[in-house]
>>> print(open('structure-v4.cif').read())   # mmCIF, C-alpha atoms
data_my_file
#
loop_
_atom_site.label_atom_id
_atom_site.label_comp_id
_atom_site.auth_asym_id
_atom_site.auth_seq_id
_atom_site.Cartn_x
_atom_site.Cartn_y
_atom_site.Cartn_z
CA MET A 3 -12.15 39.34 87.95
CA ASN A 4 -10.40 39.67 84.61
CA PHE A 5 -10.73 37.23 81.69
CA ALA A 6 -7.96 34.87 82.81
CA GLU A 7 -9.09 34.78 86.43
CA ARG A 8 -12.63 33.86 85.43
CA LEU A 9 -11.41 31.06 83.16
CA LEU A 10 -9.16 29.68 85.88
CA ALA A 11 -11.97 29.69 88.45
CA TRP A 12 -14.32 27.99 86.00
CA HIS A 13 -11.74 25.40 84.99
CA ALA A 14 -11.03 24.42 88.60
CA THR A 15 -14.61 23.15 88.88
CA HIS A 16 -15.79 22.44 85.34
CA GLY A 17 -12.64 21.77 83.28
CA ARG A 18 -11.22 18.47 82.12
CA HIS A 19 -8.68 17.09 84.61
CA ASP A 20 -8.44 13.40 83.69
CA LEU A 21 -6.95 13.42 80.19
CA PRO A 22 -4.01 10.99 79.91
CA TRP A 23 -1.59 13.62 78.62
CA GLN A 24 -2.13 16.11 81.45
CA VAL A 25 1.39 15.64 82.77
CA HIS A 26 4.49 17.82 82.83
CA ASP A 27 6.30 15.58 80.34
CA PRO A 28 7.00 17.50 77.13
CA TYR A 29 7.22 14.29 75.08
CA ARG A 30 3.73 13.20 76.10
CA VAL A 31 2.33 16.69 75.75
CA TRP A 32 3.87 17.07 72.29
CA LEU A 33 2.55 13.68 71.17
CA SER A 34 -0.98 14.59 72.27
CA GLU A 35 -0.87 18.03 70.68
CA ILE A 36 0.13 16.59 67.31
CA MET A 37 -2.53 13.88 67.48
CA LEU A 38 -5.20 16.40 68.53
CA GLN A 39 -4.60 18.54 65.45
CA GLN A 40 -7.85 18.13 63.47
CA THR A 41 -8.84 15.06 65.52
CA GLN A 42 -11.24 14.74 68.47
CA VAL A 43 -10.14 13.71 71.96
CA THR A 44 -12.21 10.49 72.01
CA THR A 45 -10.57 9.33 68.77
CA VAL A 46 -7.06 10.22 69.92
CA ILE A 47 -7.03 8.50 73.34
CA PRO A 48 -6.65 4.86 72.12
CA TYR A 49 -4.03 5.88 69.52
CA TYR A 50 -2.16 7.83 72.19
CA ALA A 51 -2.09 4.79 74.49
CA ARG A 52 -0.81 2.50 71.72
CA PHE A 53 1.89 5.00 70.74
CA LEU A 54 3.17 5.29 74.30
CA ALA A 55 3.22 1.53 74.67
CA ARG A 56 5.33 1.19 71.51
CA PHE A 57 7.33 4.45 71.79
CA PRO A 58 7.57 5.36 75.51
CA ASP A 59 9.98 8.25 74.95
CA VAL A 60 11.41 10.43 72.23
CA ALA A 61 14.50 8.23 71.86
CA ALA A 62 12.35 5.18 71.11
CA LEU A 63 10.33 7.10 68.54
CA ALA A 64 13.39 8.58 66.84
CA SER A 65 15.09 5.18 66.50
CA ALA A 66 11.99 3.41 65.13
CA PRO A 67 11.52 2.79 61.39
CA LEU A 68 9.10 5.25 59.81
CA ASP A 69 7.02 2.28 58.59
CA ASP A 70 6.33 1.32 62.22
CA VAL A 71 5.18 4.85 63.01
CA LEU A 72 2.91 5.00 59.97
CA ALA A 73 1.45 1.58 60.79
CA LEU A 74 0.45 2.70 64.30
CA TRP A 75 -0.92 5.95 62.86
CA SER A 76 -3.02 4.17 60.24
CA GLY A 77 -6.65 5.25 60.50
CA LEU A 78 -5.93 8.51 62.31
CA GLY A 79 -5.66 10.48 59.05
CA TYR A 80 -3.58 13.49 57.98
CA TYR A 81 -0.50 11.26 57.64
CA SER A 82 1.92 14.16 57.25
CA ARG A 83 1.54 14.50 61.04
CA ALA A 84 3.07 11.04 61.51
CA ARG A 85 5.97 11.78 59.16
CA ASN A 86 6.60 15.09 60.92
CA LEU A 87 6.32 13.39 64.32
CA HIS A 88 9.11 10.99 63.41
CA ALA A 89 11.26 13.73 61.86
CA ALA A 90 10.79 15.95 64.92
CA ALA A 91 11.80 13.14 67.27
CA VAL A 92 15.01 12.65 65.28
CA MET A 93 15.66 16.41 65.45
CA VAL A 94 15.10 16.53 69.22
CA MET A 95 17.67 13.77 69.65
CA GLU A 96 20.23 15.22 67.26
CA ARG A 97 19.87 18.95 67.90
CA PHE A 98 18.65 19.14 71.49
CA GLY A 99 20.26 16.05 73.00
CA GLY A 100 16.94 14.31 73.58
CA ALA A 101 15.44 17.16 75.67
CA PHE A 102 12.61 19.31 74.34
CA PRO A 103 13.46 23.02 74.56
CA ALA A 104 11.26 25.29 76.70
CA ASP A 105 11.45 28.21 74.26
CA PRO A 106 8.35 28.26 71.99
CA ALA A 107 10.44 29.74 69.18
CA LEU A 108 12.75 26.70 69.24
CA LEU A 109 9.84 24.29 69.54
CA ALA A 110 8.26 25.90 66.46
CA GLU A 111 11.35 24.93 64.45
CA LEU A 112 10.50 21.24 64.85
CA PRO A 113 8.62 19.68 61.90
CA GLY A 114 4.86 19.77 62.31
CA ILE A 115 4.84 22.30 65.16
CA GLY A 116 3.32 25.71 64.49
CA ARG A 117 3.19 28.75 66.73
CA SER A 118 0.11 27.69 68.70
CA THR A 119 1.23 24.08 69.23
CA ALA A 120 4.67 25.29 70.35
CA ALA A 121 3.07 27.65 72.86
CA ALA A 122 0.81 24.89 74.20
CA ILE A 123 3.76 22.52 74.72
CA ALA A 124 5.74 25.27 76.45
CA ALA A 125 2.80 26.25 78.65
CA PHE A 126 1.86 22.73 79.71
CA SER A 127 5.41 21.45 80.18
CA PHE A 128 7.34 24.51 81.35
CA SER A 129 4.68 27.09 82.42
CA VAL A 130 5.88 29.55 79.77
CA ARG A 131 3.67 32.65 79.36
CA SER A 132 2.87 32.36 75.67
CA PRO A 133 -0.60 32.52 74.06
CA ILE A 134 -2.18 29.73 72.06
CA LEU A 135 -4.57 30.19 69.16
CA ASP A 136 -6.07 26.89 68.05
CA GLY A 137 -9.53 26.60 66.51
CA ASN A 138 -11.32 26.54 69.86
CA VAL A 139 -9.51 29.62 71.14
CA LYS A 140 -10.11 31.53 67.91
CA ARG A 141 -13.83 30.89 68.27
CA VAL A 142 -13.92 31.94 71.94
CA LEU A 143 -11.99 35.14 71.36
CA ALA A 144 -13.82 36.11 68.17
CA ARG A 145 -17.15 35.83 70.00
CA TRP A 146 -16.02 37.38 73.27
CA ALA A 147 -14.40 40.39 71.57
CA GLY A 148 -16.92 40.59 68.69
CA ILE A 149 -14.27 40.27 65.97
CA ASP A 150 -15.71 40.01 62.46
CA GLY A 151 -13.92 38.31 59.58
CA PHE A 152 -12.69 34.80 58.79
CA THR A 153 -10.18 33.84 61.48
CA GLY A 154 -7.89 32.23 58.92
CA GLU A 155 -7.23 35.59 57.24
CA LYS A 156 -3.84 37.02 58.16
CA ALA A 157 -5.13 40.37 59.45
CA ILE A 158 -7.85 38.78 61.59
CA GLU A 159 -5.47 36.13 62.94
CA SER A 160 -2.91 38.80 63.82
CA ARG A 161 -5.57 40.71 65.75
CA LEU A 162 -6.52 37.55 67.64
CA TRP A 163 -2.89 36.85 68.54
CA GLN A 164 -2.55 40.35 69.97
CA LEU A 165 -5.73 39.90 72.00
CA ALA A 166 -4.64 36.48 73.28
CA GLN A 167 -1.34 37.98 74.46
CA THR A 168 -3.09 40.70 76.47
CA LEU A 169 -5.37 38.19 78.23
CA LEU A 170 -2.62 35.94 79.65
CA PRO A 171 -2.62 35.42 83.44
CA ALA A 172 -0.04 37.39 85.37
CA ASN A 173 1.46 34.35 87.11
CA ALA A 174 3.39 31.86 85.00
CA GLU A 175 2.37 28.97 87.29
CA ASP A 176 -1.22 29.46 86.09
CA MET A 177 -0.31 28.83 82.46
CA PRO A 178 -0.99 25.06 82.31
CA ALA A 179 -4.46 25.45 83.82
CA TYR A 180 -5.23 28.58 81.80
CA THR A 181 -4.17 26.97 78.52
CA GLN A 182 -6.31 23.91 79.26
CA ALA A 183 -9.19 26.15 80.32
CA GLN A 184 -9.23 27.89 76.93
CA MET A 185 -9.30 24.55 75.12
CA ASP A 186 -12.00 23.18 77.42
CA LEU A 187 -14.20 26.26 77.14
CA GLY A 188 -14.21 26.02 73.35
CA ALA A 189 -14.69 22.25 73.33
CA THR A 190 -17.49 22.01 75.92
CA VAL A 191 -19.22 25.40 76.27
CA CYS A 192 -18.42 27.83 73.44
CA THR A 193 -19.06 25.16 70.80
CA PRO A 194 -19.50 25.86 67.09
CA ARG A 195 -23.24 25.18 67.29
CA LYS A 196 -25.58 25.75 70.23
CA PRO A 197 -23.05 27.35 72.58
CA ALA A 198 -24.03 27.01 76.25
CA CYS A 199 -23.81 30.72 77.07
CA LEU A 200 -25.51 30.32 80.46
CA ALA A 201 -22.61 28.11 81.57
CA CYS A 202 -19.88 30.40 80.22
CA PRO A 203 -17.64 32.16 82.77
CA VAL A 204 -17.05 35.15 80.45
CA ALA A 205 -20.61 35.54 79.14
CA GLU A 206 -21.13 38.74 81.14
CA ASP A 207 -19.07 40.85 78.73
CA CYS A 208 -19.13 38.60 75.64
CA VAL A 209 -19.95 40.83 72.65
CA ALA A 210 -21.48 37.98 70.64
CA ARG A 211 -23.89 37.13 73.48
CA LEU A 212 -24.77 40.75 74.21
CA THR A 213 -25.57 41.40 70.54
CA GLY A 214 -27.15 38.01 69.79
CA ARG A 215 -24.45 37.05 67.27
CA GLN A 216 -23.26 33.76 68.75
CA HIS A 217 -24.21 31.93 65.55
CA GLU A 218 -22.61 34.53 63.26
CA LEU A 219 -19.19 34.60 64.93
CA PRO A 220 -16.60 33.58 64.11
CA THR A 221 -17.21 34.47 60.47
CA PRO A 222 -17.30 31.22 58.43
CA LYS A 223 -14.69 30.49 55.83
CA PRO A 224 -15.92 31.37 52.33
CA ARG A 225 -17.16 28.11 50.81
CA LYS A 226 -16.04 26.71 47.49
CA PRO A 227 -17.28 23.48 45.92
CA LEU A 228 -14.89 20.58 46.46
CA PRO A 229 -13.06 19.53 43.29
CA GLN A 230 -13.87 16.01 42.05
CA ARG A 231 -11.16 13.48 41.18
CA HIS A 232 -11.28 9.87 40.02
CA THR A 233 -8.80 7.01 40.11
CA VAL A 234 -8.72 3.27 39.45
CA MET A 235 -7.04 1.20 42.18
CA LEU A 236 -5.70 -2.20 41.18
CA LEU A 237 -6.35 -5.14 43.49
CA ILE A 238 -3.59 -7.32 42.02
CA ARG A 239 -3.15 -10.80 43.49
CA ASP A 240 -0.58 -13.46 42.67
CA ALA A 241 -0.99 -17.25 42.65
CA GLU A 242 -0.54 -17.30 46.43
CA HIS A 243 -3.35 -14.72 46.83
CA ARG A 244 -0.92 -12.08 48.02
CA LEU A 245 -1.78 -8.45 47.27
CA LEU A 246 0.58 -6.09 45.47
CA LEU A 247 1.07 -2.77 47.26
CA GLU A 248 3.04 0.27 46.20
CA ARG A 249 4.73 2.68 48.59
CA ARG A 250 3.70 6.25 47.79
CA ALA A 251 6.12 9.16 47.60
CA PRO A 252 7.06 10.69 50.98
CA THR A 253 5.00 13.83 50.40
CA GLY A 254 1.46 14.39 49.23
CA ILE A 255 -1.73 12.43 49.85
CA TRP A 256 -1.02 9.25 51.86
CA GLY A 257 2.68 10.06 51.69
CA GLY A 258 4.90 7.13 52.66
CA LEU A 259 1.99 4.69 53.04
CA TRP A 260 1.54 1.38 51.25
CA CYS A 261 -1.34 1.73 48.79
CA LEU A 262 -2.87 -0.04 45.83
CA PRO A 263 -1.26 0.79 42.46
CA GLU A 264 -3.35 3.31 40.54
CA VAL A 265 -4.16 3.77 36.86
CA ASP A 266 -6.25 6.34 35.04
CA SER A 267 -8.77 3.99 33.42
CA THR A 268 -10.04 0.42 33.58
CA LEU A 269 -9.59 0.28 29.79
CA THR A 270 -5.85 0.89 29.97
CA ALA A 271 -5.16 -0.98 33.24
CA GLU A 272 -3.40 -3.97 31.65
CA THR A 273 -1.10 -1.96 29.39
CA THR A 274 -0.31 0.55 32.15
CA ALA A 275 0.49 -2.23 34.63
CA LEU A 276 2.87 -3.87 32.15
CA ALA A 277 4.65 -0.56 31.50
CA GLN A 278 4.83 0.71 35.11
CA LEU A 279 4.92 -2.48 37.17
CA GLY A 280 6.36 -5.01 34.76
CA LEU A 281 3.37 -7.30 35.33
CA THR A 282 1.04 -9.03 32.90
CA LEU A 283 -2.50 -8.82 34.26
CA GLN A 284 -5.84 -10.43 33.66
CA THR A 285 -8.39 -7.96 34.92
CA GLU A 286 -11.79 -8.88 36.31
CA PRO A 287 -15.04 -6.86 36.52
CA ALA A 288 -14.65 -3.70 38.57
CA LEU A 289 -16.09 -3.53 42.07
CA PRO A 290 -18.57 -0.75 42.97
CA ASP A 291 -17.11 2.74 43.19
CA PHE A 292 -16.70 4.39 46.57
CA VAL A 293 -15.97 7.97 47.57
CA HIS A 294 -13.29 9.17 49.99
CA VAL A 295 -13.49 12.83 51.03
CA PHE A 296 -10.30 14.76 51.73
CA THR A 297 -10.09 18.28 53.08
CA HIS A 298 -9.61 19.79 49.63
CA PHE A 299 -11.27 17.35 47.20
CA ARG A 300 -13.53 14.32 46.79
CA LEU A 301 -11.93 11.20 45.39
CA THR A 302 -14.02 8.57 43.60
CA VAL A 303 -12.26 5.21 43.57
CA THR A 304 -12.96 2.31 41.21
CA PRO A 305 -11.45 -0.89 42.66
CA LEU A 306 -10.35 -3.20 39.84
CA PRO A 307 -9.47 -6.80 40.78
CA ALA A 308 -6.78 -8.47 38.67
CA ARG A 309 -4.61 -11.58 38.60
CA ALA A 310 -0.92 -11.38 37.83
CA VAL A 311 0.13 -14.02 35.30
CA GLY A 312 3.61 -15.02 34.23
CA ILE A 313 5.11 -13.14 37.18
CA GLY A 314 8.77 -12.22 37.03
CA PRO A 315 10.83 -10.18 39.50
CA LEU A 316 9.22 -6.88 40.49
CA ARG A 317 10.92 -3.93 38.87
CA ASP A 318 11.31 -1.87 42.05
CA THR A 319 11.28 -3.89 45.28
CA ASP A 320 11.76 -0.75 47.39
CA ARG A 321 8.51 0.62 45.99
CA LEU A 322 6.57 -2.57 45.23
CA ARG A 323 5.94 -5.54 47.51
CA TRP A 324 3.63 -8.54 47.82
CA PHE A 325 1.63 -8.65 51.07
CA THR A 326 -0.57 -11.26 52.64
CA ARG A 327 -3.86 -9.85 53.92
CA ALA A 328 -2.60 -9.98 57.52
CA GLU A 329 0.66 -8.26 56.58
CA ALA A 330 -1.21 -5.52 54.74
CA LEU A 331 -3.55 -4.87 57.67
CA SER A 332 -0.59 -4.53 60.04
CA ALA A 333 1.31 -2.16 57.72
CA GLY A 334 0.87 1.57 57.27
CA ILE A 335 -2.06 1.69 54.84
CA PRO A 336 -4.72 4.39 54.28
CA THR A 337 -8.25 4.02 55.66
CA PRO A 338 -9.94 3.26 52.28
CA LEU A 339 -7.64 0.28 51.69
CA ARG A 340 -8.18 -0.95 55.23
CA ARG A 341 -11.94 -0.86 54.59
CA LEU A 342 -11.56 -2.76 51.34
CA LEU A 343 -9.49 -5.49 52.98
CA ALA A 344 -11.94 -5.72 55.89
#
>>> encode(input="structure-v4.cif", output="structure tokens")
Amino acid sequence: MNFAERLLAWHATHGRHDLPWQVHDPYRVWLSEIMLQQTQVTTVIPYYARFLARFPDVAALASAPLDDVLALWSGLGYYSRARNLHAAAVMVMERFGGAFPADPALLAELPGIGRSTAAAIAAFSFSVRSPILDGNVKRVLARWAGIDGFTGEKAIESRLWQLAQTLLPANAEDMPAYTQAQMDLGATVCTPRKPACLACPVAEDCVARLTGRQHELPTPKPRKPLPQRHTVMLLIRDAEHRLLLERRAPTGIWGGLWCLPEVDSTLTAETTALAQLGLTLQTEPALPDFVHVFTHFRLTVTPLPARAVGIGPLRDTDRLRWFTRAEALSAGIPTPLRRLLA
């Protein structure tokens, strides 16, 4: 049997068949694919269920306020996915009349959908013969074909795309199972560490196994030390014990979320708050620092409690708002703030 036939036979017995998004509904498939980007299945499942309960179809998602989407996404991380999810839903309604296109090239034009995600949606929903190349598939193919080099490099990635295309099953009706089989093989057998080669359906001609290089392939990304950053977050409360939150810009870290106002230093917090927020503060001793690690840097946060005195109207009510603790916890806020409030 060829590569695809072996994966299909293995998947019929050993693959995952009970995931909640294994349906031929492109909306549900798309939602799961976006959530599963850089997030594990066990983490995604409860978020997926809550999203479907609140936004059962693309029309409901497109018509919802972005704040509602961000609030339901809170804690899942990589918030640009939520913003793109909402923007893509609007685009599906406006450009495609509420129906997801079957063509991967058109799907890839939607915000937040790359080539591999588009191919997965097309394969699962419409049985389109188009290869995927997510992290699991890159690892499987790099080991099976013995391809050296970091898979994120353009030349190596191009080679993997070409290989993935040649391995597709001949029959289009096999595409949903084959696509899932690739994901399952990488997630459960050909894992980053301690791959279960004895359980692998393609181990017989896997170059990495035959040469004892399972732990060398795929070639790791060259490591660089994470840059260090520091910020002071102001925990400003008014006489009613409400907390002042500031909506961040739409792009960048925590884009569009409600966050604590930030200043560069505890020493300049009061003067900066007066200039930027229009508030007179009485600061209190800082709370212990904590560290939040992003993909590209480590952020050390100093929480600084403060009381607002002589409060007048906020300068920018679109950007600044007073929240009760319950209101803040139900809004779209980043994980570090949620931990502080808890």
>>> atom_distance(input="structure-v4.cif", atom1="atom CA of Leu236 of chain A", atom2="atom CA of Thr268 of chain A")
9.1 Å
>>> resolve_selection(input="structure-v4.cif", expression="the PyMOL selection byres ((chain A and resi 142) around 10)", output="ChimeraX atom specification")
/A:135,137-141,143-148,184-185,187-189,191-194,204,208,210,219-220
>>> write_last_selection(input="structure-v4.cif", atoms="C-alpha atoms", output="CSV table (one decimal), keeping the file's coordinate frame")
chain,number,residue,atom,x,y,z
A,135,LEU,CA,-4.6,30.2,69.2
A,137,GLY,CA,-9.5,26.6,66.5
A,138,ASN,CA,-11.3,26.5,69.9
A,139,VAL,CA,-9.5,29.6,71.1
A,140,LYS,CA,-10.1,31.5,67.9
A,141,ARG,CA,-13.8,30.9,68.3
A,143,LEU,CA,-12.0,35.1,71.4
A,144,ALA,CA,-13.8,36.1,68.2
A,145,ARG,CA,-17.2,35.8,70.0
A,146,TRP,CA,-16.0,37.4,73.3
A,147,ALA,CA,-14.4,40.4,71.6
A,148,GLY,CA,-16.9,40.6,68.7
A,184,GLN,CA,-9.2,27.9,76.9
A,185,MET,CA,-9.3,24.6,75.1
A,187,LEU,CA,-14.2,26.3,77.1
A,188,GLY,CA,-14.2,26.0,73.4
A,189,ALA,CA,-14.7,22.2,73.3
A,191,VAL,CA,-19.2,25.4,76.3
A,192,CYS,CA,-18.4,27.8,73.4
A,193,THR,CA,-19.1,25.2,70.8
A,194,PRO,CA,-19.5,25.9,67.1
A,204,VAL,CA,-17.0,35.2,80.4
A,208,CYS,CA,-19.1,38.6,75.6
A,210,ALA,CA,-21.5,38.0,70.6
A,219,LEU,CA,-19.2,34.6,64.9
A,220,PRO,CA,-16.6,33.6,64.1
>>> resolve_selection(input="structure-v4.cif", expression="the PyMOL selection byres ((chain A and resi 262) around 8)", output="PyMOL selection string")
chain A and resi 235-237+246-248+260-261+263-264+339
>>> atom_distance(input="structure-v4.cif", atom1="atom CA of Arg231 of chain A", atom2="atom CA of Thr319 of chain A")
28.7 Å
>>> closest_residue(input="structure-v4.cif", among="A:Pro338, A:Gly100, A:Pro224, A:Gly114", to="Tyr29 of chain A", atoms="only C-alpha atoms")
A:Gly100
>>> closest_residue(input="structure-v4.cif", among="A:Cys199, A:Ala277, A:Val31, A:Ala11", to="Leu212 of chain A", atoms="only C-alpha atoms")
A:Cys199
>>> resolve_selection(input="structure-v4.cif", expression="the PyMOL selection byres ((chain A and resi 244) around 9)", output="compact mmCIF listing (two decimals) with C-alpha atoms, keeping the file's coordinate frame")
# COMPACT_ATOMS: atom_id res chain seq x y z
CA ILE A 238 -3.59 -7.32 42.02
CA ARG A 239 -3.15 -10.80 43.49
CA ASP A 240 -0.58 -13.46 42.67
CA ALA A 241 -0.99 -17.25 42.65
CA GLU A 242 -0.54 -17.30 46.43
CA HIS A 243 -3.35 -14.72 46.83
CA LEU A 245 -1.78 -8.45 47.27
CA LEU A 246 0.58 -6.09 45.47
CA TRP A 324 3.63 -8.54 47.82
CA PHE A 325 1.63 -8.65 51.07
CA THR A 326 -0.57 -11.26 52.64
CA ARG A 327 -3.86 -9.85 53.92
>>> residues_near_point(input="structure-v4.cif", point="(-1.0, 25.7, 81.9)", cutoff="8 Å", atoms="all atoms listed in the file", output="MDAnalysis selection string")
chainID A and resid 122 125:127 129 175:182
>>> residues_around(input="structure-v4.cif", residues="segment 302-317 of chain A", least_positions_apart="2", cutoff="7 Å", atoms="all atoms listed in the file", output="list in words")
Arg231, His232, Thr233, Val234, Met235, Leu236, Leu237, Ile238, Arg239, Asp240, Leu279, Gly280, Leu281, Thr282, Leu283, Gln284, Thr285, Glu286, Pro287, Ala288, Leu289, Pro290, Asp291, Phe292, Val293, His294, Arg300, Thr319 and Leu322 of chain A
>>> atom_distance(input="structure-v4.cif", atom1="atom CA of Gly99 of chain A", atom2="atom CA of Glu111 of chain A")
15.2 Å
>>> closest_residue(input="structure-v4.cif", among="A:His88, A:Arg83, A:Arg18, A:His13", to="Leu63 of chain A", atoms="all atoms listed in the file")
A:His88
>>> residues_around(input="structure-v4.cif", residues="Leu108 of chain A", least_positions_apart="4", cutoff="12 Å", atoms="all atoms listed in the file", output="number ranges by chain")
A: 90, 93-94, 97-98, 101-104, 112-113, 115-117, 119-121, 123-124
>>> residues_around(input="structure-v4.cif", residues="Gly79 of chain A", least_positions_apart="6", cutoff="10 Å", atoms="only C-alpha atoms", output="PyMOL selection string")
chain A and resi 37+40-41+256+296+336-337
>>> axis_aligned_box(input="structure-v4.cif", around="segment 18-21 of chain A", padding_each_side="6 Å", output="lines of an AutoDock Vina configuration file")
center_x = -9.1
center_y = 15.9
center_z = 82.4
size_x = 16.3
size_y = 17.1
size_z = 16.4
>>> residues_around(input="structure-v4.cif", residues="Ile255 of chain A", least_positions_apart="3", cutoff="10 Å", atoms="all atoms listed in the file", output="list in words")
Tyr80, Tyr81, Ser82, Arg250, Ala251, Pro252, Gly258, Leu259, Phe296 and Pro336 of chain A
